[in-house]
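**Student:** One file: data_39.csv (CSV, C-alpha atoms and all ligand atoms).
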```
chain,number,residue,atom,x,y,z
O,496,MET,CA,-24.7,-43.8,8.8
O,497,THR,CA,-26.4,-40.6,7.6
O,498,LEU,CA,-24.5,-37.5,8.2
O,499,ALA,CA,-26.1,-34.8,10.3
O,500,PRO,CA,-26.7,-31.5,8.3
O,501,ILE,CA,-24.0,-28.8,8.1
O,502,ALA,CA,-24.7,-25.5,9.9
O,503,LEU,CA,-24.0,-22.5,7.7
O,504,THR,CA,-23.7,-19.2,9.6
O,505,SER,CA,-25.1,-15.9,8.5
O,506,GLY,CA,-21.9,-14.0,8.7
O,507,GLU,CA,-22.1,-10.2,8.2
O,508,PRO,CA,-25.6,-9.5,6.7
O,509,ALA,CA,-24.3,-6.5,4.8
O,510,GLY,CA,-21.8,-8.7,2.9
O,511,VAL,CA,-22.1,-11.3,0.2
O,512,GLY,CA,-22.7,-14.2,2.6
O,513,LEU,CA,-26.4,-14.6,2.4
O,514,GLU,CA,-26.5,-14.2,-1.4
O,515,LEU,CA,-23.9,-17.0,-1.6
O,516,ALA,CA,-26.0,-19.1,0.8
O,517,GLU,CA,-28.9,-18.9,-1.6
O,518,LYS,CA,-26.7,-19.7,-4.6
O,519,ALA,CA,-25.0,-22.6,-2.7
O,520,TRP,CA,-28.5,-24.0,-1.9
O,521,GLU,CA,-29.4,-24.0,-5.7
O,522,ALA,CA,-26.1,-25.8,-6.5
O,523,LEU,CA,-26.2,-28.3,-3.7
O,524,ARG,CA,-29.8,-29.1,-2.9
O,525,LYS,CA,-29.6,-32.6,-4.4
O,526,GLU,CA,-26.0,-33.3,-3.2
O,527,LEU,CA,-25.9,-32.6,0.5
O,528,VAL,CA,-27.8,-31.2,3.4
O,529,PHE,CA,-27.1,-27.9,5.1
O,530,PHE,CA,-29.2,-25.3,7.0
O,531,LEU,CA,-28.6,-21.6,7.4
O,532,ILE,CA,-28.7,-19.8,10.7
O,533,ALA,CA,-29.7,-16.3,10.0
O,534,ASP,CA,-32.5,-13.7,10.2
O,535,PRO,CA,-35.0,-14.7,7.4
O,536,ALA,CA,-35.7,-11.0,6.9
O,537,HIS,CA,-32.1,-10.5,5.7
O,538,LEU,CA,-32.3,-13.0,2.8
O,539,PRO,CA,-32.1,-11.6,-0.7
O,540,GLY,CA,-35.1,-13.9,-1.5
O,541,HIS,CA,-34.0,-15.2,-4.9
O,542,VAL,CA,-34.7,-18.8,-3.9
O,543,PRO,CA,-37.5,-20.3,-1.7
O,544,HIS,CA,-36.6,-20.7,2.0
O,545,GLU,CA,-38.4,-22.5,4.8
O,546,VAL,CA,-38.0,-21.9,8.5
O,547,ILE,CA,-37.1,-25.1,10.4
O,548,GLN,CA,-37.5,-25.7,14.2
O,549,GLY,CA,-34.3,-27.7,14.4
O,550,PRO,CA,-31.5,-29.3,12.3
O,551,SER,CA,-33.3,-32.6,12.1
O,552,GLU,CA,-35.9,-31.0,9.8
O,553,ALA,CA,-33.3,-29.8,7.3
O,554,ALA,CA,-33.0,-33.0,5.2
O,555,ASP,CA,-36.7,-33.0,4.3
O,556,VAL,CA,-36.7,-29.3,3.4
O,557,MET,CA,-33.4,-29.2,1.5
O,558,PRO,CA,-34.7,-30.5,-1.9
O,559,ARG,CA,-37.4,-27.8,-2.1
O,560,ALA,CA,-36.2,-24.8,-0.2
O,561,LEU,CA,-33.2,-23.4,1.7
O,562,PRO,CA,-33.7,-24.6,5.3
O,563,ILE,CA,-33.2,-21.7,7.7
O,564,LEU,CA,-32.9,-21.8,11.5
O,565,ALA,CA,-34.3,-18.4,12.4
O,566,HIS,CA,-32.1,-16.1,14.4
O,567,PRO,CA,-33.5,-12.6,14.8
O,568,PHE,CA,-31.0,-9.7,14.4
O,569,PHE,CA,-31.5,-6.2,15.8
O,570,GLY,CA,-30.7,-4.3,12.6
O,571,GLU,CA,-31.5,-4.4,8.9
O,572,ALA,CA,-29.3,-5.8,6.2
O,573,THR,CA,-28.1,-3.0,3.9
O,574,ALA,CA,-25.6,-4.1,1.3
O,575,GLY,CA,-22.2,-2.8,1.9
O,576,GLN,CA,-23.1,-0.9,5.0
O,577,PRO,CA,-22.8,-2.9,8.2
O,578,ASP,CA,-25.2,-2.0,11.0
O,579,PRO,CA,-23.4,-2.1,14.4
O,580,ASN,CA,-26.8,-3.3,15.9
O,581,ASN,CA,-26.2,-6.6,14.0
O,582,ALA,CA,-22.8,-7.3,15.4
O,583,GLU,CA,-23.9,-9.1,18.5
O,584,SER,CA,-26.1,-11.5,16.5
O,585,VAL,CA,-23.4,-12.2,14.0
O,586,VAL,CA,-21.3,-13.5,16.9
O,587,ASP,CA,-24.2,-15.3,18.6
O,588,VAL,CA,-25.0,-17.2,15.4
O,589,ILE,CA,-21.4,-18.6,15.3
O,590,SER,CA,-21.8,-19.7,19.0
O,591,ARG,CA,-25.1,-21.3,18.1
O,592,ALA,CA,-23.6,-23.2,15.2
O,593,VAL,CA,-20.7,-24.4,17.4
O,594,ASP,CA,-23.2,-25.6,20.1
O,595,LEU,CA,-25.0,-27.7,17.4
O,596,ALA,CA,-21.8,-29.2,16.2
O,597,MET,CA,-20.5,-30.0,19.6
O,598,THR,CA,-23.7,-31.8,20.5
O,599,GLY,CA,-23.7,-33.7,17.1
O,600,ALA,CA,-26.9,-32.0,15.8
O,601,ALA,CA,-24.8,-30.6,13.0
O,602,SER,CA,-22.0,-32.6,11.4
O,603,ALA,CA,-19.9,-29.5,10.7
O,604,VAL,CA,-19.8,-25.7,10.8
O,605,CYS,CA,-19.4,-23.7,7.7
O,606,THR,CA,-19.0,-20.0,8.3
O,607,ALA,CA,-19.9,-17.1,6.0
O,608,PRO,CA,-17.6,-14.2,6.1
O,609,ILE,CA,-17.6,-11.7,9.0
O,610,ASN,CA,-16.2,-8.2,8.8
O,611,LYS,CA,-13.7,-7.9,11.5
O,612,LYS,CA,-14.0,-4.1,11.7
O,613,ALA,CA,-17.8,-4.2,11.9
O,614,LEU,CA,-17.6,-6.6,14.8
O,615,LYS,CA,-15.1,-4.5,16.6
O,616,ASP,CA,-17.2,-1.4,16.1
O,617,GLY,CA,-20.4,-3.2,17.1
O,618,THR,CA,-19.4,-5.5,19.9
O,619,ASP,CA,-15.8,-5.2,21.0
O,620,PHE,CA,-15.2,-8.6,19.4
O,621,PRO,CA,-11.8,-9.4,20.9
O,622,TRP,CA,-10.7,-12.1,18.4
O,623,PRO,CA,-8.7,-11.6,15.2
O,624,GLY,CA,-11.2,-13.8,13.4
O,625,HIS,CA,-13.4,-16.9,13.5
O,626,THR,CA,-10.3,-19.2,13.9
O,627,GLU,CA,-9.4,-17.9,17.4
O,628,PHE,CA,-13.0,-17.5,18.4
O,629,LEU,CA,-13.9,-21.0,17.5
O,630,ALA,CA,-10.9,-22.3,19.5
O,631,TYR,CA,-12.2,-20.3,22.5
O,632,LEU,CA,-15.7,-21.7,22.1
O,633,ALA,CA,-14.4,-25.2,21.8
O,634,GLY,CA,-12.1,-24.9,24.8
O,635,VAL,CA,-8.9,-25.7,22.9
O,636,ASP,CA,-5.6,-23.8,23.3
O,637,ARG,CA,-4.3,-24.1,19.8
O,638,VAL,CA,-5.8,-24.5,16.3
O,639,VAL,CA,-4.4,-24.1,12.8
O,640,MET,CA,-5.7,-22.2,9.8
O,641,MET,CA,-5.3,-24.2,6.6
O,642,LEU,CA,-6.4,-23.0,3.2
O,643,ALA,CA,-7.0,-25.7,0.6
O,644,CYS,CA,-7.8,-26.0,-3.1
O,645,ASP,CA,-7.2,-28.8,-5.6
O,646,GLN,CA,-3.6,-27.6,-6.3
O,647,LEU,CA,-2.3,-26.5,-2.9
O,648,ARG,CA,-2.8,-26.6,0.8
O,649,VAL,CA,-1.2,-23.8,2.9
O,650,VAL,CA,-0.9,-23.2,6.6
O,651,PRO,CA,0.2,-19.8,8.1
O,652,THR,CA,2.0,-20.3,11.4
O,653,THR,CA,1.3,-16.8,12.5
O,654,ILE,CA,-2.0,-15.4,11.3
O,655,HIS,CA,-3.6,-12.0,11.8
O,656,ILE,CA,-0.7,-10.0,13.2
O,657,ALA,CA,1.3,-7.1,11.9
O,658,LEU,CA,4.3,-8.1,9.8
O,659,LYS,CA,6.7,-6.4,12.2
O,660,ASP,CA,5.5,-8.7,15.0
O,661,VAL,CA,6.1,-11.9,13.0
O,662,PRO,CA,9.7,-12.7,14.0
O,663,SER,CA,9.0,-12.2,17.7
O,664,THR,CA,5.8,-14.2,17.6
O,665,LEU,CA,7.3,-17.1,15.7
O,666,THR,CA,8.6,-19.4,18.4
O,667,ALA,CA,9.8,-23.0,18.2
O,668,ALA,CA,6.8,-24.1,20.3
O,669,LEU,CA,4.4,-22.4,17.9
O,670,LEU,CA,6.0,-23.9,14.9
O,671,ARG,CA,6.1,-27.3,16.4
O,672,GLU,CA,2.4,-27.2,17.4
O,673,THR,CA,1.4,-25.9,14.0
O,674,ILE,CA,3.2,-28.8,12.3
O,675,GLU,CA,1.8,-31.4,14.7
O,676,ILE,CA,-1.8,-30.1,14.3
O,677,THR,CA,-1.5,-30.0,10.6
O,678,ARG,CA,-0.1,-33.5,10.4
O,679,ASN,CA,-2.9,-34.9,12.6
O,680,GLY,CA,-5.6,-33.0,10.7
O,681,LEU,CA,-4.4,-34.3,7.3
O,682,GLN,CA,-4.3,-37.8,8.7
O,683,ASP,CA,-7.7,-37.7,10.3
O,684,TYR,CA,-9.7,-35.8,7.7
O,685,PHE,CA,-7.8,-36.1,4.4
O,686,GLY,CA,-6.8,-39.7,4.4
O,687,LEU,CA,-3.1,-39.0,4.2
O,688,GLN,CA,-1.1,-41.6,6.2
O,689,GLU,CA,2.1,-39.6,6.5
O,690,PRO,CA,1.5,-36.2,5.0
O,691,ARG,CA,4.5,-34.6,3.2
O,692,LEU,CA,5.0,-31.2,4.7
O,693,ALA,CA,7.1,-28.5,3.2
O,694,VAL,CA,8.2,-25.8,5.6
O,695,ALA,CA,8.9,-22.3,4.2
O,696,GLY,CA,11.8,-20.2,5.6
O,697,LEU,CA,11.0,-16.8,7.1
O,698,ASN,CA,13.7,-14.8,5.3
O,699,PRO,CA,14.5,-14.4,1.6
O,700,HIS,CA,16.3,-17.5,0.3
O,701,ALA,CA,15.6,-19.1,3.7
O,702,GLY,CA,18.2,-16.9,5.2
O,703,GLU,CA,21.0,-17.9,2.8
O,704,GLY,CA,23.3,-19.3,5.4
O,705,GLY,CA,22.7,-16.4,7.8
O,706,ALA,CA,23.4,-13.7,5.3
O,707,MET,CA,19.7,-12.7,5.2
O,708,GLY,CA,18.5,-13.5,8.7
O,709,LEU,CA,19.1,-16.0,11.4
O,710,GLU,CA,15.6,-17.4,12.2
O,711,ASP,CA,15.7,-20.1,9.5
O,712,ALA,CA,18.8,-21.8,10.8
O,713,ASP,CA,18.4,-21.0,14.5
O,714,LEU,CA,14.7,-21.5,15.0
O,715,ILE,CA,13.2,-23.5,12.1
O,716,VAL,CA,16.0,-26.1,11.5
O,717,PRO,CA,16.1,-27.5,15.1
O,718,VAL,CA,12.3,-28.0,15.1
O,719,LEU,CA,12.4,-29.8,11.8
O,720,ASN,CA,15.3,-32.0,12.8
O,721,ASP,CA,13.5,-33.0,16.0
O,722,LEU,CA,10.2,-33.8,14.2
O,723,VAL,CA,12.0,-35.7,11.4
O,724,ALA,CA,13.7,-37.8,14.1
O,725,GLN,CA,10.1,-38.6,15.3
O,726,GLY,CA,9.1,-39.8,11.9
O,727,TYR,CA,7.5,-36.7,10.3
O,728,ASP,CA,8.0,-36.3,6.6
O,729,LEU,CA,9.3,-32.8,6.5
O,730,SER,CA,11.3,-30.7,4.1
O,731,GLY,CA,12.7,-27.2,4.6
O,732,PRO,CA,13.2,-24.5,5.5
O,733,LEU,CA,12.6,-23.8,1.8
O,734,PRO,CA,13.0,-20.4,0.1
O,735,ALA,CA,9.3,-19.3,-0.2
O,736,ASP,CA,9.7,-17.8,-3.6
O,737,THR,CA,10.5,-21.1,-5.3
O,738,MET,CA,8.2,-23.5,-3.4
O,739,PHE,CA,4.9,-22.8,-5.1
O,740,HIS,CA,5.5,-23.5,-8.8
O,741,ALA,CA,3.8,-26.6,-10.2
O,742,ALA,CA,6.8,-29.0,-10.0
O,743,ALA,CA,7.6,-27.9,-6.4
O,744,ARG,CA,4.0,-28.3,-5.3
O,745,ALA,CA,4.0,-31.9,-6.5
O,746,ARG,CA,6.5,-32.7,-3.8
O,747,TYR,CA,4.3,-32.0,-0.8
O,748,ASP,CA,0.8,-32.3,0.6
O,749,ALA,CA,0.8,-29.0,2.5
O,750,ALA,CA,3.1,-26.0,2.9
O,751,ILE,CA,3.7,-24.7,6.4
O,752,CYS,CA,4.3,-20.9,6.0
O,753,MET,CA,5.6,-18.4,8.5
O,754,TYR,CA,3.1,-15.6,8.1
O,755,HIS,CA,-0.3,-14.8,6.6
O,756,ASP,CA,0.5,-13.4,3.2
O,757,GLN,CA,3.3,-16.0,2.6
O,758,ALA,CA,0.6,-18.6,2.7
O,759,LEU,CA,-2.5,-16.9,1.3
O,760,ILE,CA,-1.0,-15.1,-1.7
O,761,PRO,CA,0.0,-18.3,-3.5
O,762,ILE,CA,-3.4,-20.0,-2.9
O,763,LYS,CA,-5.6,-17.0,-3.7
O,764,THR,CA,-3.5,-16.4,-6.8
O,765,LEU,CA,-3.9,-20.1,-7.9
O,766,ASP,CA,-7.6,-20.5,-7.1
O,767,PHE,CA,-9.3,-17.6,-5.5
O,768,ASP,CA,-12.7,-18.9,-6.7
O,769,LYS,CA,-12.5,-22.3,-5.1
O,770,GLY,CA,-10.2,-21.9,-2.1
O,771,VAL,CA,-11.5,-23.1,1.2
O,772,ASN,CA,-10.4,-22.1,4.7
O,773,VAL,CA,-10.3,-25.0,7.2
O,774,THR,CA,-9.7,-24.9,10.9
O,775,LEU,CA,-7.7,-27.9,12.1
O,776,GLY,CA,-7.5,-28.9,15.8
O,777,LEU,CA,-11.1,-28.3,16.7
O,778,PRO,CA,-13.3,-31.1,18.1
O,779,PHE,CA,-15.6,-30.5,15.1
O,780,VAL,CA,-15.2,-29.7,11.4
O,781,ARG,CA,-15.1,-26.0,10.3
O,782,THR,CA,-14.8,-24.7,6.8
O,783,SER,CA,-15.4,-21.4,5.2
O,784,PRO,CA,-15.0,-19.7,1.8
O,785,ASP,CA,-11.5,-18.2,1.4
O,786,HIS,CA,-12.8,-14.7,0.7
O,787,GLY,CA,-14.3,-11.9,2.8
O,788,THR,CA,-17.5,-9.8,3.0
O,789,ALA,CA,-16.8,-8.2,-0.4
O,790,PHE,CA,-18.8,-5.0,0.4
O,791,ASP,CA,-17.9,-3.5,-3.0
O,792,ILE,CA,-20.1,-6.1,-4.8
O,793,ALA,CA,-22.7,-6.9,-2.0
O,794,GLY,CA,-26.3,-6.6,-3.1
O,795,LYS,CA,-25.4,-6.7,-6.8
O,796,GLY,CA,-26.1,-10.4,-7.3
O,797,ILE,CA,-22.7,-10.9,-9.0
O,798,ALA,CA,-20.8,-12.7,-6.2
O,799,ASN,CA,-19.2,-16.0,-7.2
O,800,PRO,CA,-20.5,-18.8,-5.0
O,801,SER,CA,-17.8,-21.4,-5.9
O,802,SER,CA,-15.8,-21.0,-2.8
O,803,THR,CA,-18.9,-21.3,-0.5
O,804,ILE,CA,-20.0,-24.4,-2.5
O,805,GLU,CA,-16.5,-26.0,-2.2
O,806,ALA,CA,-16.5,-25.1,1.6
O,807,LEU,CA,-19.8,-26.9,2.1
O,808,ARG,CA,-18.6,-29.9,0.0
O,809,LEU,CA,-15.3,-30.1,1.9
O,810,ALA,CA,-17.2,-29.9,5.2
O,811,ALA,CA,-19.3,-32.9,4.2
O,812,LYS,CA,-16.3,-34.8,3.0
O,813,MET,CA,-14.3,-34.1,6.2
O,814,ALA,CA,-17.3,-34.9,8.4
O,815,SER,CA,-17.8,-38.3,6.8
O,816,ALA,CA,-14.1,-39.1,6.8
O,817,HIS,CA,-14.1,-38.4,10.5
O,818,GLN,CA,-17.3,-40.5,11.1
O,819,THR,CA,-15.7,-43.5,9.4
O,820,THR,CA,-12.5,-43.2,11.5
O,821,THR,CA,-14.2,-42.7,14.9
X,901,LIG,N1,-13.7,-16.0,6.8
X,901,LIG,C1,-13.9,-14.8,7.0
X,901,LIG,O1,-14.8,-14.4,7.8
X,901,LIG,C2,-13.1,-13.7,6.2
X,901,LIG,C3,-13.4,-12.4,6.4
X,901,LIG,N2,-12.6,-11.5,5.8
X,901,LIG,C4,-13.0,-10.1,6.1
X,901,LIG,O2,-13.7,-9.5,5.0
X,901,LIG,C5,-13.6,-8.1,5.0
X,901,LIG,C6,-13.2,-7.7,3.6
X,901,LIG,O3,-11.9,-8.2,3.3
X,901,LIG,P1,-11.1,-7.9,1.9
X,901,LIG,O4,-9.7,-8.0,2.2
X,901,LIG,O5,-11.7,-6.7,1.2
X,901,LIG,O6,-11.4,-9.2,1.1
X,901,LIG,P2,-12.7,-9.7,0.2
X,901,LIG,O7,-12.4,-11.2,0.0
X,901,LIG,O8,-13.9,-9.4,0.9
X,901,LIG,O9,-12.6,-8.9,-1.1
X,901,LIG,C7,-11.5,-8.8,-2.0
X,901,LIG,C8,-11.9,-8.7,-3.4
X,901,LIG,O10,-12.4,-9.9,-3.9
X,901,LIG,C9,-13.7,-9.7,-4.4
X,901,LIG,N3,-14.5,-10.9,-4.0
X,901,LIG,C10,-14.5,-11.4,-2.7
X,901,LIG,N4,-15.4,-12.5,-2.7
X,901,LIG,C11,-15.9,-12.6,-3.9
X,901,LIG,C12,-16.9,-13.5,-4.5
X,901,LIG,N5,-17.5,-14.4,-3.9
X,901,LIG,N6,-17.2,-13.3,-5.8
X,901,LIG,C13,-16.6,-12.3,-6.6
X,901,LIG,N7,-15.7,-11.4,-6.0
X,901,LIG,C14,-15.3,-11.6,-4.8
X,901,LIG,C15,-14.2,-8.5,-3.7
X,901,LIG,O11,-15.3,-7.9,-4.5
X,901,LIG,C16,-13.0,-7.6,-3.6
X,901,LIG,O12,-12.8,-7.0,-4.8
X,901,LIG,C17,-12.5,-7.8,6.1
X,901,LIG,O13,-13.2,-7.4,7.3
X,901,LIG,C18,-11.8,-9.1,6.3
X,901,LIG,O14,-11.2,-9.2,7.6
X,901,LIG,C19,-11.7,-11.8,4.9
X,901,LIG,C20,-11.4,-13.1,4.6
X,901,LIG,C21,-12.1,-14.2,5.2
X,902,LIG,N1,-7.4,-14.1,5.8
X,902,LIG,C1,-8.2,-15.2,6.3
X,902,LIG,C2,-9.3,-14.7,7.1
X,902,LIG,O1,-9.4,-13.6,7.4
X,902,LIG,C3,-10.2,-15.8,7.7
X,902,LIG,O2,-10.1,-15.7,9.1
X,902,LIG,P1,-11.1,-16.5,10.0
X,902,LIG,O3,-12.2,-15.6,10.2
X,902,LIG,O4,-11.4,-17.8,9.3
X,902,LIG,O5,-10.3,-16.7,11.2
```
Could you rewrite the structure in this file as C-alpha cells?

**Tutor:**
Amino acid sequence: MTLAPIALTSGEPAGVGLELAEKAWEALRKELVFFLIADPAHLPGHVPHEVIQGPSEAADVMPRALPILAHPFFGEATAGQPDPNNAESVVDVISRAVDLAMTGAASAVCTAPINKKALKDGTDFPWPGHTEFLAYLAGVDRVVMMLACDQLRVVPTTIHIALKDVPSTLTAALLRETIEITRNGLQDYFGLQEPRLAVAGLNPHAGEGGAMGLEDADLIVPVLNDLVAQGYDLSGPLPADTMFHAAARARYDAAICMYHDQALIPIKTLDFDKGVNVTLGLPFVRTSPDHGTAFDIAGKGIANPSSTIEALRLAAKMASAHQTTT
C-alpha cells in the first residue's frame, strides 16, 4: 500500500526551518513524498516550489518541485528576528498538520523547529514545546520524547523543567509510564520484540548506596523490580556517567534518563547532525530534527539539513512499520 505523504510544518519562519525544508526536498525528492505547510512568501526560494490544494497532490509534484500547502501568515520572515505577528500561524500550522495525520491524509507529522520564547511572546503558547502540545491536540494524557541516532536512543523522563524541580517531579508513576510508552513505541515502530532498556540513576553513581541521594534506591529500584517481574528487559539504575560509552551502549536499545540534559547531552555530542526527535505515545507518527531555530545562522544558507532529512526518513520508516502492523 502506498504511504500517504508526510506533513512538514513551517516552524518559526525566522529560523532555519524553511531553508532546511528546501534542502531536504533536494535530497529526498526521489526517495519519499512530503509537503510543507507554510506561507509561500516566507520560502528562501532556492528551489522550485508548487502550491498544492491538498496532500493527495504531493506525490505528483514532489519530483519536480517542493509541494507546499499554503498557509498565510500575518508577518514577514526576517532571518533571526521573530515577528510576534507570526506566532499564531506557527501554532495553527502544527494543528493543521495534526488534523491531516489524524484523518490519514498525511502518514506522519515532521515538525520544523519552533522558538519557544517567540511563541510565548506572540501568543501565550502555554506548552513547553511541541511534545506536550501534540499530546493535547491528540487527546492523550502522556507521551514520551525520544531522541534517536544510529548509535543511541535516549528518553528524558522529565523534559523542559528547571533542574531544581526534577526530584519532586520524578514520581514512580511518571517513570513507569515513560518506560511503558517507550517499550510499546520500540515494539510498534522499531521492530524490537523485547527492547532492552537501560535506566539511568538520578544521582551521581546512582546514589552510591544512599551516600549521594536516595531517589535511586527508593524510587527507581521498586519501579524496575515491578516491571522486570512483568517481563520487561530492564537494567539499572545505572550511573549516568558510565552508561554512554560505546561498549555500554551495545548492551541496550534505549536509555531512559531522568532529566533533559542527562539524555540530550550524550546524543547531541555523539551525532548532533543526524539526531532525530520522536514523540512516542501519539496516535500518529511525529518526528523532528534534534536542533532548534538557530537564529545565529538563519538566512545565511549554511544550516546543515542532515537532521531534517533523517527526521523525514525516520517518519516514513515508522509510518510504514506501523502500516504493516495494523
Ligand atoms: N523541536 C523544536 O522545535 C526545538 C526547538 N528548540 C528551540 O530553538 C531555540 C534555539 O535553541 P538553542 O538552544 O539555541 O539551540 P539550536 O539548536 O537552535 O542552536 C544551537 C547551536 O547549534 C547550531 N545549529 C543548530 N541547528 C543547526 C543546523 N541545522 N546546522 C548547523 N548548525 C546548527 C546553531 O547555529 C547554534 O550555534 C529555542 O527557542 C529552543 O527552545 C530547540 C530544540 C528543538
Ligand atoms: N530539547 C528538545 C526540544 O526542545 C524539542 O522539544 P519539542 O518541541 O519537540 O517538544

**Student:** Padding 8 Å on each side, edges along x, y and z: where is the centre of the box around the listed atoms of ligand LIG 902 (chain X), and how long are its edges in Å to one decimal? Output it as lines of an AutoDock Vina configuration file.

**Tutor:**
```
center_x = -9.8
center_y = -15.7
center_z = 8.5
size_x = 20.8
size_y = 20.2
size_z = 21.4
```

**Student:** Quick check, in Å to one decimal: how far apart do atom CA of O:Gln576 and atom CA of O:Asn610 lie?

**Tutor:**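 Spanning atom CA of O:Gln576 to atom CA of O:Asn610 is a straight-line distance of 10.7 Å.
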
**Student:** So which one's closest to O:Asn772, O:Gly704, O:Gly796, O:Pro651, O:Pro621? Using only C-alpha atoms, please.

**Tutor:** O:Pro651

**Student:** Dig up all the protein and nucleic acid residues within 10 Å of (12.2, -21.6, 18.6) in the file frame, using all atoms listed in the file, and format them as a list in words.

**Tutor:** Ser663, Thr664, Leu665, Thr666, Ala667, Ala668, Leu669, Leu670, Arg671, Glu710, Asp711, Asp713, Leu714, Ile715, Val716, Pro717 and Val718 of chain O

**Student:** Name the closest residue to O:Ala742 among the candidates O:Val528, O:Ile609, O:Ala814, O:Leu647; distances are taken between atoms, counting only C-alpha atoms.

**Tutor:**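 Checking each of O:Val528, O:Ile609, O:Ala814, O:Leu647 against O:Ala742, counting only C-alpha atoms, the winner is O:Leu647.
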
**Student:** Contacts between ligand LIG 902 (chain X) and chain O, please, where a residue of chain O counts if it comes within 6 Å (with all atoms listed in the file); show its shortest atom pair and distance in Å to one decimal, rows by chain and ascending number, as JSON lines.

**Tutor:**
```
{"residue": "O:Gly624", "atom": "CA", "partner": "X:LIG902", "partner_atom": "O5", "distance": 3.7}
{"residue": "O:His625", "atom": "CA", "partner": "X:LIG902", "partner_atom": "O3", "distance": 3.7}
{"residue": "O:Thr626", "atom": "CA", "partner": "X:LIG902", "partner_atom": "O5", "distance": 3.7}
```

**Student:** Suppose we keep C-alpha atoms; can you now write the selection as a CSV table (one decimal), in the coordinates of the input?

**Tutor:**
```csv
chain,number,residue,atom,x,y,z
O,624,GLY,CA,-11.2,-13.8,13.4
O,625,HIS,CA,-13.4,-16.9,13.5
O,626,THR,CA,-10.3,-19.2,13.9
```

**Student:** Distance atom CA of O:Ser815-atom CA of O:Asn799, one decimal place?

**Tutor:**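 One can read the atom CA of O:Ser815 to atom CA of O:Asn799 distance as 26.4 Å.
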
**Student:** List the neighbours of O:Asn581 out to 8 Å using all atoms listed in the file; skip same-chain residues closer than 4 positions along the sequence, and give me the result as a ChimeraX atom specification.

**Tutor:** /O:507-508,568-571,577,585,617

**Student:** May I ask for the distance between atom CA of O:Val649 and atom CA of O:Leu629, given in Å to one decimal place?

**Tutor:** 19.6 Å

**Student:** Given a cut-off of 8 Å, what residues near ligand LIG 901 (chain X) show up using only C-alpha atoms and all ligand atoms, put as a count of residues only?

**Tutor:** 33

**Student:** So which one's closest to O:Leu809, O:Val780, O:Val639, O:Met557, O:Ala735? Using all atoms listed in the file, please.

**Tutor:**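 Closest candidate: O:Val780.
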
**Student:** When you count only C-alpha atoms, which of these residues is closest to O:His566: O:Gly686, O:Gly540, O:Pro579, O:Gly549?

**Tutor:**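 Closest residue, counting only C-alpha atoms: O:Gly549.
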
**Student:** For O:Gly510, which residue among O:Lys795, O:His817, O:His755, O:His700 is the nearest when counting all atoms listed in the file?

**Tutor:**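 Distance minimum relative to O:Gly510 lands on O:Lys795.
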
**Student:** Please identify all polymer residues within 7 Å of O:Thr782, counting all atoms listed in the file, omitting same-chain residues fewer than 2 positions from it, and present them as a list in words.

**Tutor:**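 In the requested form, the answer reads Val604, Cys605, Thr606, Val771, Asn772, Val773, Thr774, Val780, Ala806 and Ala810 of chain O.
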
**Student:** Which one is closest to O:Ala522: O:Ala816, O:Ala743, O:Ile654, O:Leu807? Count all atoms listed in the file.

**Tutor:**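 The shortest atom-to-atom distance to O:Ala522 comes from O:Leu807.
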
**Student:** Tell me, as a list in words, which residues lie within 12 Å of stretch 720-727 of chain O, counting all atoms listed in the file; anything in the same chain fewer than 5 positions away does not count.

**Tutor:**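 So the residues in contact are Ala667, Ala668, Leu670, Arg671, Glu672, Thr673, Ile674, Glu675, Thr677, Arg678, Asn679, Gln682, Gln688, Glu689, Pro690, Arg691, Leu692, Ala693, Val694, Ala712, Asp713, Leu714, Ile715 and Pro732 of chain O.
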